[in-house]
>>> print(open('input13.csv').read())   # CSV, C-alpha atoms
chain,number,residue,atom,x,y,z
A,1,MET,CA,16.3,-19.0,2.1
A,2,ILE,CA,13.9,-20.4,4.6
A,3,SER,CA,14.4,-20.9,8.3
A,4,THR,CA,11.9,-23.4,9.8
A,5,ARG,CA,11.0,-25.2,12.9
A,6,ASN,CA,8.1,-27.8,13.4
A,7,ARG,CA,6.1,-26.4,10.5
A,8,ARG,CA,6.5,-29.1,7.9
A,9,GLN,CA,3.0,-28.7,6.5
A,10,CYS,CA,3.5,-25.0,6.0
A,11,LEU,CA,7.0,-25.5,4.6
A,12,GLU,CA,5.7,-27.8,1.9
A,13,LYS,CA,3.4,-25.1,0.6
A,14,ALA,CA,6.1,-22.5,0.7
A,15,LEU,CA,8.5,-24.7,-1.2
A,16,THR,CA,5.8,-25.5,-3.8
A,17,SER,CA,5.4,-21.8,-4.5
A,18,VAL,CA,9.2,-21.4,-4.8
A,19,TYR,CA,9.5,-24.3,-7.4
A,20,ALA,CA,6.6,-22.7,-9.3
A,21,GLN,CA,8.7,-19.5,-9.9
A,22,ASP,CA,9.7,-18.8,-13.5
A,23,TYR,CA,13.1,-17.7,-12.4
A,24,THR,CA,15.3,-20.8,-12.6
A,25,SER,CA,18.8,-19.6,-11.9
A,26,ARG,CA,18.6,-20.1,-8.2
A,27,GLU,CA,19.6,-22.2,-5.2
A,28,ILE,CA,17.2,-23.1,-2.4
A,29,LEU,CA,18.6,-23.1,1.2
A,30,VAL,CA,16.7,-24.3,4.3
A,31,VAL,CA,17.8,-24.4,7.9
A,32,ASP,CA,15.9,-26.8,10.1
A,33,ASP,CA,16.1,-25.4,13.6
A,34,ALA,CA,15.8,-28.7,15.6
A,35,SER,CA,12.4,-29.7,14.2
A,36,GLU,CA,10.7,-32.7,15.7
A,37,ASP,CA,8.2,-33.3,12.9
A,38,GLY,CA,10.4,-35.0,10.3
A,39,THR,CA,11.2,-31.8,8.4
A,40,SER,CA,14.8,-32.7,7.6
A,41,GLU,CA,13.8,-36.2,6.5
A,42,TYR,CA,11.1,-34.8,4.3
A,43,ILE,CA,13.5,-32.4,2.6
A,44,ARG,CA,16.1,-35.1,2.1
A,45,SER,CA,13.7,-37.5,0.5
A,46,HIS,CA,11.5,-35.1,-1.6
A,47,HIS,CA,13.9,-32.3,-2.4
A,48,PRO,CA,17.5,-33.5,-2.6
A,49,ASP,CA,18.4,-30.4,-4.6
A,50,ILE,CA,17.9,-28.2,-1.5
A,51,ARG,CA,20.9,-27.2,0.5
A,52,LEU,CA,19.8,-28.3,4.0
A,53,PHE,CA,21.3,-27.2,7.3
A,54,ARG,CA,20.1,-28.6,10.6
A,55,HIS,CA,20.5,-27.5,14.2
A,56,GLU,CA,20.2,-30.3,16.7
A,57,GLU,CA,19.2,-27.7,19.3
A,58,ASN,CA,16.8,-24.8,18.9
A,59,ARG,CA,19.0,-21.8,18.2
A,60,GLY,CA,16.3,-19.3,16.9
A,61,TYR,CA,15.5,-18.0,13.5
A,62,ILE,CA,17.9,-15.0,13.7
A,63,ILE,CA,20.9,-17.3,13.9
A,64,GLY,CA,19.3,-19.5,11.2
A,65,ARG,CA,18.8,-16.6,8.8
A,66,ASN,CA,22.4,-15.4,9.4
A,67,LEU,CA,23.7,-18.8,8.6
A,68,LEU,CA,21.7,-18.9,5.3
A,69,MET,CA,22.9,-15.4,4.4
A,70,LEU,CA,26.5,-16.4,4.9
A,71,GLN,CA,26.1,-19.7,2.9
A,72,ALA,CA,24.1,-18.3,0.0
A,73,LYS,CA,26.1,-17.9,-3.2
A,74,GLY,CA,23.8,-15.5,-5.1
A,75,ASP,CA,24.1,-11.7,-5.4
A,76,TYR,CA,20.4,-11.4,-4.4
A,77,LEU,CA,19.2,-13.2,-1.3
A,78,ILE,CA,15.5,-13.8,-0.9
A,79,SER,CA,14.2,-14.7,2.5
A,80,LEU,CA,10.8,-16.3,2.9
A,81,ASP,CA,9.0,-17.3,6.1
A,82,ASP,CA,8.2,-21.0,6.4
A,83,ASP,CA,4.5,-20.2,6.7
A,84,ALA,CA,4.4,-17.7,3.7
A,85,TYR,CA,4.2,-18.5,0.0
A,86,PHE,CA,4.4,-16.7,-3.3
A,87,LEU,CA,1.2,-15.8,-5.1
A,88,ASN,CA,2.6,-14.9,-8.4
A,89,ALA,CA,5.0,-17.1,-10.4
A,90,ASP,CA,7.1,-14.1,-11.7
A,91,ALA,CA,7.8,-12.7,-8.3
A,92,ILE,CA,11.5,-13.5,-8.2
A,93,SER,CA,12.0,-12.4,-11.9
A,94,ASN,CA,10.3,-9.1,-11.1
A,95,VAL,CA,12.5,-8.6,-8.0
A,96,VAL,CA,15.7,-9.3,-9.8
A,97,ALA,CA,14.8,-7.0,-12.7
A,98,ARG,CA,13.9,-4.2,-10.2
A,99,MET,CA,17.2,-4.6,-8.3
A,100,GLU,CA,19.1,-4.5,-11.6
A,101,ALA,CA,17.3,-1.3,-12.7
A,102,GLU,CA,18.2,0.6,-9.5
A,103,PRO,CA,21.7,-0.1,-8.0
A,104,GLU,CA,20.9,2.1,-5.0
A,105,LEU,CA,18.2,-0.4,-3.8
A,106,GLY,CA,19.4,-2.4,-0.9
A,107,ILE,CA,16.3,-4.2,0.2
A,108,ILE,CA,13.0,-5.0,-1.6
A,109,ASN,CA,10.0,-5.8,0.6
A,110,PHE,CA,7.3,-8.0,-0.9
A,111,SER,CA,3.6,-7.2,-0.9
A,112,VAL,CA,1.9,-9.2,1.8
A,113,LEU,CA,-1.7,-10.5,1.7
A,114,ASP,CA,-3.6,-12.0,4.6
A,115,ALA,CA,-3.7,-15.7,3.6
A,116,GLU,CA,-7.3,-16.1,4.8
A,117,HIS,CA,-8.9,-13.2,3.0
A,118,LEU,CA,-6.2,-12.3,0.5
A,119,VAL,CA,-6.4,-8.6,1.4
A,120,PRO,CA,-3.3,-6.4,1.7
A,121,VAL,CA,-1.6,-6.1,5.1
A,122,LEU,CA,0.5,-3.1,4.0
A,123,PRO,CA,-0.4,0.0,1.9
A,124,ASP,CA,-0.7,-0.9,-1.8
A,125,GLY,CA,1.6,0.3,-4.6
A,126,GLU,CA,5.3,0.8,-5.0
A,127,TYR,CA,7.0,3.3,-2.6
A,128,TYR,CA,10.2,3.8,-0.6
A,129,THR,CA,10.1,2.8,3.0
A,130,CYS,CA,12.1,3.0,6.2
A,131,CYS,CA,11.7,-0.7,7.1
A,132,TYR,CA,10.9,-4.1,5.7
A,133,TRP,CA,9.1,-7.2,7.0
A,134,GLY,CA,11.1,-10.3,7.6
A,135,LEU,CA,8.5,-12.7,6.2
A,136,GLY,CA,9.3,-12.0,2.5
A,137,TYR,CA,12.1,-9.8,1.2
A,138,CYS,CA,15.2,-9.6,-1.0
A,139,ILE,CA,18.5,-8.1,0.0
A,140,ARG,CA,21.7,-7.6,-1.9
A,141,LYS,CA,24.5,-9.7,-0.5
A,142,ALA,CA,26.9,-6.8,-1.0
A,143,VAL,CA,24.7,-4.6,1.3
A,144,LEU,CA,24.9,-7.2,4.1
A,145,GLN,CA,28.7,-7.2,3.7
A,146,GLU,CA,28.7,-3.4,4.3
A,147,ALA,CA,25.9,-3.0,6.9
A,148,GLY,CA,26.4,-6.3,8.7
A,149,TYR,CA,24.1,-9.2,9.3
A,150,TYR,CA,21.4,-9.6,11.9
A,151,ARG,CA,22.5,-8.7,15.4
A,152,GLU,CA,22.4,-11.9,17.4
A,153,VAL,CA,21.5,-10.3,20.7
A,154,HIS,CA,19.0,-13.0,21.5
A,155,THR,CA,17.5,-16.0,19.8
A,156,ARG,CA,14.1,-14.4,19.7
A,157,LEU,CA,14.6,-10.9,18.5
A,158,VAL,CA,11.4,-9.0,17.7
A,159,GLY,CA,12.3,-6.0,15.6
A,160,GLU,CA,15.4,-7.3,13.9
A,161,GLU,CA,14.1,-5.8,10.6
A,162,SER,CA,14.1,-2.2,11.9
A,163,ASP,CA,17.6,-2.9,13.4
A,164,LEU,CA,19.1,-3.9,10.0
A,165,SER,CA,17.0,-1.4,8.0
A,166,LEU,CA,18.5,1.5,9.9
A,167,ARG,CA,22.1,0.2,9.2
A,168,VAL,CA,21.2,-0.3,5.5
A,169,LEU,CA,19.9,3.3,5.3
A,170,ASP,CA,23.1,4.5,7.0
A,171,LYS,CA,25.1,3.0,4.1
A,172,GLY,CA,23.1,5.1,1.6
A,173,TYR,CA,20.9,2.4,0.2
A,174,ARG,CA,17.2,2.5,-0.3
A,175,LEU,CA,14.4,0.2,0.8
A,176,LEU,CA,11.4,-0.4,-1.5
A,177,GLN,CA,7.9,-1.7,-1.0
A,178,PHE,CA,7.3,-3.8,-4.1
A,179,PRO,CA,3.8,-4.9,-5.2
A,180,ARG,CA,5.0,-7.1,-8.1
A,181,ALA,CA,6.3,-9.8,-5.7
A,182,THR,CA,3.3,-10.9,-3.6
A,183,VAL,CA,3.2,-13.4,-0.7
A,184,ALA,CA,0.4,-14.7,1.4
A,185,HIS,CA,0.9,-15.0,5.1
A,186,PRO,CA,-1.5,-16.0,7.9
A,187,ARG,CA,-2.7,-13.2,10.2
A,188,TYR,CA,-2.3,-14.8,13.6
A,189,VAL,CA,-5.1,-14.3,16.2
A,190,PRO,CA,-4.3,-14.5,19.9
A,191,GLY,CA,-5.3,-17.8,21.4
A,192,LYS,CA,-5.4,-19.6,18.1
A,193,ALA,CA,-2.9,-22.2,17.0
A,194,TYR,CA,-0.3,-21.3,14.4
A,195,PRO,CA,-1.0,-23.1,11.1
A,196,GLY,CA,1.1,-26.3,10.9
A,197,SER,CA,2.0,-26.4,14.5
A,198,HIS,CA,0.6,-26.6,18.0
A,199,ARG,CA,2.1,-23.3,19.1
A,200,TYR,CA,-0.1,-20.3,20.0
A,201,ARG,CA,0.4,-16.6,19.6
A,202,ASP,CA,1.4,-15.2,22.9
A,203,ILE,CA,0.1,-11.6,22.8
A,204,GLY,CA,1.5,-10.8,26.2
A,205,GLY,CA,4.9,-12.0,25.1
A,206,THR,CA,4.7,-9.9,21.9
A,207,TRP,CA,4.1,-6.8,24.0
A,208,LEU,CA,7.1,-7.7,26.2
A,209,PHE,CA,9.5,-8.3,23.4
A,210,ALA,CA,8.3,-5.3,21.4
A,211,ALA,CA,8.9,-3.0,24.4
A,212,LYS,CA,12.3,-4.5,25.1
A,213,THR,CA,13.6,-4.5,21.6
A,214,ARG,CA,12.4,-0.9,21.0
A,215,LEU,CA,14.7,0.3,23.7
A,216,LEU,CA,17.6,-1.9,22.7
A,217,HIS,CA,17.2,-0.8,19.1
A,218,ALA,CA,17.5,2.9,20.2
A,219,TRP,CA,20.4,2.2,22.6
A,220,LEU,CA,22.4,0.1,20.1
A,221,ASN,CA,21.8,2.1,16.9
A,222,GLU,CA,20.9,5.7,17.5
A,223,PRO,CA,23.3,8.6,18.2
A,224,PHE,CA,22.9,11.2,20.9
A,225,PRO,CA,20.5,12.8,21.5
A,226,TRP,CA,18.2,10.6,19.4
A,227,TYR,CA,18.3,7.6,21.7
A,228,ILE,CA,17.2,9.8,24.6
A,229,LEU,CA,14.2,11.0,22.6
A,230,SER,CA,13.4,7.5,21.5
A,231,THR,CA,13.6,6.2,25.0
A,232,ALA,CA,11.2,8.8,26.3
A,233,ASN,CA,8.8,8.2,23.4
A,234,ALA,CA,8.9,4.4,24.0
A,235,LEU,CA,8.3,4.7,27.7
A,236,ILE,CA,5.3,7.0,27.2
A,237,THR,CA,3.6,5.4,24.2
A,238,TYR,CA,4.1,1.7,25.2
A,239,THR,CA,3.0,2.4,28.8
A,240,ALA,CA,-0.1,4.2,27.6
A,241,LYS,CA,-1.1,1.6,25.0
A,242,ALA,CA,-0.4,-1.4,27.2
A,243,ALA,CA,-2.4,0.1,30.0
A,244,ARG,CA,-5.4,0.5,27.7
A,245,GLU,CA,-5.0,-3.1,26.4
A,246,LYS,CA,-4.3,-4.5,29.9
A,247,TYR,CA,-0.7,-5.6,29.1
A,248,LEU,CA,1.1,-3.1,31.3
A,249,GLY,CA,2.8,-5.8,33.3
A,250,HIS,CA,4.3,-7.3,30.2
A,251,VAL,CA,5.6,-3.9,28.9
A,252,LEU,CA,7.2,-3.0,32.2
A,253,ARG,CA,8.9,-6.4,32.3
A,254,GLY,CA,10.2,-5.7,28.8
A,255,PHE,CA,11.6,-2.4,29.9
A,256,TYR,CA,13.3,-4.1,32.8
A,257,GLU,CA,14.8,-6.8,30.6
A,258,ALA,CA,16.2,-4.2,28.2
A,259,LEU,CA,18.0,-2.5,31.2
A,260,ARG,CA,19.3,-5.8,32.4
A,261,GLU,CA,20.5,-7.1,29.0
A,262,PHE,CA,21.9,-3.9,27.6
A,263,PRO,CA,25.3,-4.1,29.3
A,264,GLN,CA,26.1,-7.4,27.7
A,265,PHE,CA,25.4,-6.0,24.2
A,266,LYS,CA,26.9,-2.5,24.7
A,267,ALA,CA,30.1,-3.5,22.9
A,268,THR,CA,28.0,-4.0,19.7
A,269,ARG,CA,26.7,-0.5,19.8
A,270,ARG,CA,27.3,1.1,16.3
A,271,PRO,CA,25.3,4.4,16.2
A,272,VAL,CA,24.2,5.6,12.8
A,273,SER,CA,24.4,9.3,11.8
A,274,SER,CA,21.9,12.0,12.7
A,275,GLN,CA,21.2,12.4,9.0
A,276,THR,CA,20.2,8.7,8.8
A,277,MET,CA,17.8,9.2,11.6
A,278,ARG,CA,16.2,12.1,9.8
A,279,ILE,CA,15.9,10.0,6.6
A,280,TYR,CA,14.5,7.1,8.6
A,281,LEU,CA,11.8,9.2,10.3
A,282,ALA,CA,10.9,11.0,7.1
A,283,LEU,CA,10.4,7.7,5.3
A,284,GLY,CA,8.2,6.5,8.1
A,285,ARG,CA,6.1,9.7,8.1
A,286,HIS,CA,5.7,10.3,4.3
A,287,MET,CA,5.2,8.0,1.3
A,288,PHE,CA,7.9,8.6,-1.3
A,289,ARG,CA,6.9,7.0,-4.6
A,290,ASP,CA,9.4,8.6,-7.0
A,291,ALA,CA,13.1,8.0,-7.2
A,292,SER,CA,13.9,11.7,-7.7
A,293,GLN,CA,12.0,12.5,-4.4
A,294,VAL,CA,13.9,9.9,-2.4
A,295,ARG,CA,17.2,11.0,-4.0
A,296,ALA,CA,16.4,14.6,-2.8
A,297,LEU,CA,15.6,13.3,0.6
A,298,TYR,CA,18.9,11.4,1.0
A,299,ASN,CA,20.8,14.5,-0.2
A,300,SER,CA,19.0,16.9,2.1
A,301,PRO,CA,16.8,15.3,4.7
A,302,PRO,CA,14.4,17.7,6.6
A,303,GLY,CA,14.9,18.8,10.2
A,304,ILE,CA,13.2,17.0,13.0
A,305,LEU,CA,10.5,19.6,13.4
A,306,ALA,CA,9.6,19.5,9.7
A,307,ILE,CA,9.4,15.7,9.9
A,308,LEU,CA,7.1,15.7,12.9
A,309,PHE,CA,4.8,18.5,11.9
A,310,ARG,CA,4.9,19.3,8.1
A,311,LEU,CA,5.4,15.7,6.8
A,312,GLY,CA,3.1,14.3,9.4
A,313,SER,CA,0.2,16.5,8.5
>>> encode(input="input13.csv", output="structure tokens")
Amino acid sequence: MISTRNRRQCLEKALTSVYAQDYTSREILVVDDASEDGTSEYIRSHHPDIRLFRHEENRGYIIGRNLLMLQAKGDYLISLDDDAYFLNADAISNVVARMEAEPELGIINFSVLDAEHLVPVLPDGEYYTCCYWGLGYCIRKAVLQEAGYYREVHTRLVGEESDLSLRVLDKGYRLLQFPRATVAHPRYVPGKAYPGSHRYRDIGGTWLFAAKTRLLHAWLNEPFPWYILSTANALITYTAKAAREKYLGHVLRGFYEALREFPQFKATRRPVSSQTMRIYLALGRHMFRDASQVRALYNSPPGILAILFRLGS
């Protein structure tokens, strides 16, 4: 599944890497989010086998991904960013085999290499994690039907992965970082154009949306008193970091927008359990590589003080 907008050049490379996969029992779905560079025409003429969906108005990649997830027929749904591409031809085969081997796995996150230097962006090796990256991952469709799809709170939601990850953990599933499926993805630099387009990385906007969605994530997903602790932590850490980086105005604007927008999303609040919060934090603080370790964690997660001090040491 690929959601794309005005990145035809990148999309061609992504699709080439998909067709090179040795796993052939698949369908390919693409949503063209109102591209103006001939993306839909290219797909229709060069790849008539692709199930193509087109939005005539820009609706955002979150809505696009939800559409693809709903339309996909397979048991395992693989999402790939339009500017990412597979580096190993057996990536999908390895992912399916790993999913089949461990039914408790809900999401597999692919290993990511910086496309320019081919160096890992995330820690190497296989380990259980609290969150995945949206640029390359696999999720069981059955898990989505239990945990729900992406929350369409706005068309440009930064942090949608942590939002869904928390709900998947709450249903008792595991998330795995998986090195045997590797994708390359450009590491964007502020002020430089995105590959395949004329858009630029807006670092100030990134600060704004990160601050806003951190608060919304806590208010919409976390139980009492966790959302209070998370709010205090976000206010302190984001303010301090943004002040050092000279983006304080953007962060304060993000806090303001979160307060302004929360009432319209309040009805979608579905808090997870306190036990899920402890699992989530423990996975973020400590690297669990063994299935027996993570099984023990799910059965008896540590208290908050143990997470913050013992696991964090």
>>> closest_atom_pairs(input="input13.csv", of="range 212-300 of chain A", to="range 133-151 of chain A", cutoff="10 Å", atoms="only C-alpha atoms", output="tab-separated table")
residue	atom	partner	partner_atom	distance
A:Leu220	CA	A:Arg151	CA	10.0
A:Phe265	CA	A:Arg151	CA	9.7
A:Thr268	CA	A:Arg151	CA	8.4
>>> residues_near_point(input="input13.csv", point="(10.9, 7.8, -0.9)", cutoff="10 Å", atoms="all atoms listed in the file", output="VMD selection string")
chain A and resid 126 to 130 174 to 177 279 282 to 284 286 to 298
>>> residues_around(input="input13.csv", residues="Arg26 in chain A", least_positions_apart="2", cutoff="12 Å", atoms="only C-alpha atoms", output="number ranges by chain")
A: 1, 18-19, 21-24, 28-29, 49-51, 72-78, 92-93, 96
>>> closest_residue(input="input13.csv", among="A:Ser35, A:Thr206, A:Asn109, A:Asn299", to="Ser165 in chain A", atoms="only C-alpha atoms")
A:Asn109
>>> atom_distance(input="input13.csv", atom1="CA of Ser45 in chain A", atom2="CA of Ser3 in chain A")
18.4 Å
>>> residues_near_point(input="input13.csv", point="(11.1, -23.8, 16.6)", cutoff="9 Å", atoms="all atoms listed in the file", output="list of chain:residue names")
A:Thr4, A:Arg5, A:Asn6, A:Arg7, A:Asp32, A:Asp33, A:Ala34, A:Ser35, A:Glu36, A:Asn58, A:Arg59, A:Gly60, A:Tyr61
>>> write_last_selection(input="input13.csv", atoms="C-alpha atoms", output="mmCIF file, in the coordinates of the input")
data_model
loop_
_atom_site.group_PDB
_atom_site.id
_atom_site.type_symbol
_atom_site.label_atom_id
_atom_site.label_comp_id
_atom_site.auth_asym_id
_atom_site.auth_seq_id
_atom_site.Cartn_x
_atom_site.Cartn_y
_atom_site.Cartn_z
ATOM 1 C CA THR A 4 11.900 -23.400 9.800
ATOM 2 C CA ARG A 5 11.000 -25.200 12.900
ATOM 3 C CA ASN A 6 8.100 -27.800 13.400
ATOM 4 C CA ARG A 7 6.100 -26.400 10.500
ATOM 5 C CA ASP A 32 15.900 -26.800 10.100
ATOM 6 C CA ASP A 33 16.100 -25.400 13.600
ATOM 7 C CA ALA A 34 15.800 -28.700 15.600
ATOM 8 C CA SER A 35 12.400 -29.700 14.200
ATOM 9 C CA GLU A 36 10.700 -32.700 15.700
ATOM 10 C CA ASN A 58 16.800 -24.800 18.900
ATOM 11 C CA ARG A 59 19.000 -21.800 18.200
ATOM 12 C CA GLY A 60 16.300 -19.300 16.900
ATOM 13 C CA TYR A 61 15.500 -18.000 13.500
#
>>> atom_distance(input="input13.csv", atom1="CA of Trp207 in chain A", atom2="CA of Tyr238 in chain A")
8.6 Å
>>> closest_residue(input="input13.csv", among="A:Ser40, A:Thr213, A:Thr182, A:Gln264", to="Ser162 in chain A", atoms="only C-alpha atoms")
A:Thr213
>>> atom_distance(input="input13.csv", atom1="CA of Met69 in chain A", atom2="CA of Glu56 in chain A")
19.5 Å
>>> residues_around(input="input13.csv", residues="Gly249 in chain A", least_positions_apart="5", cutoff="10 Å", atoms="all atoms listed in the file", output="MDAnalysis selection string")
chainID A and resid 204 207:208 239 242:243 254
>>> closest_residue(input="input13.csv", among="A:Arg8, A:His217, A:Lys13, A:Arg269", to="Gly38 in chain A", atoms="all atoms listed in the file")
A:Arg8
>>> closest_residue(input="input13.csv", among="A:Ile2, A:Ser230, A:Phe86, A:Asn94", to="Arg54 in chain A", atoms="only C-alpha atoms")
A:Ile2
>>> residues_around(input="input13.csv", residues="Ser273 in chain A", least_positions_apart="2", cutoff="8 Å", atoms="only C-alpha atoms", output="NGL selection string")
:A and (170 or 222-223 or 271 or 275-277)
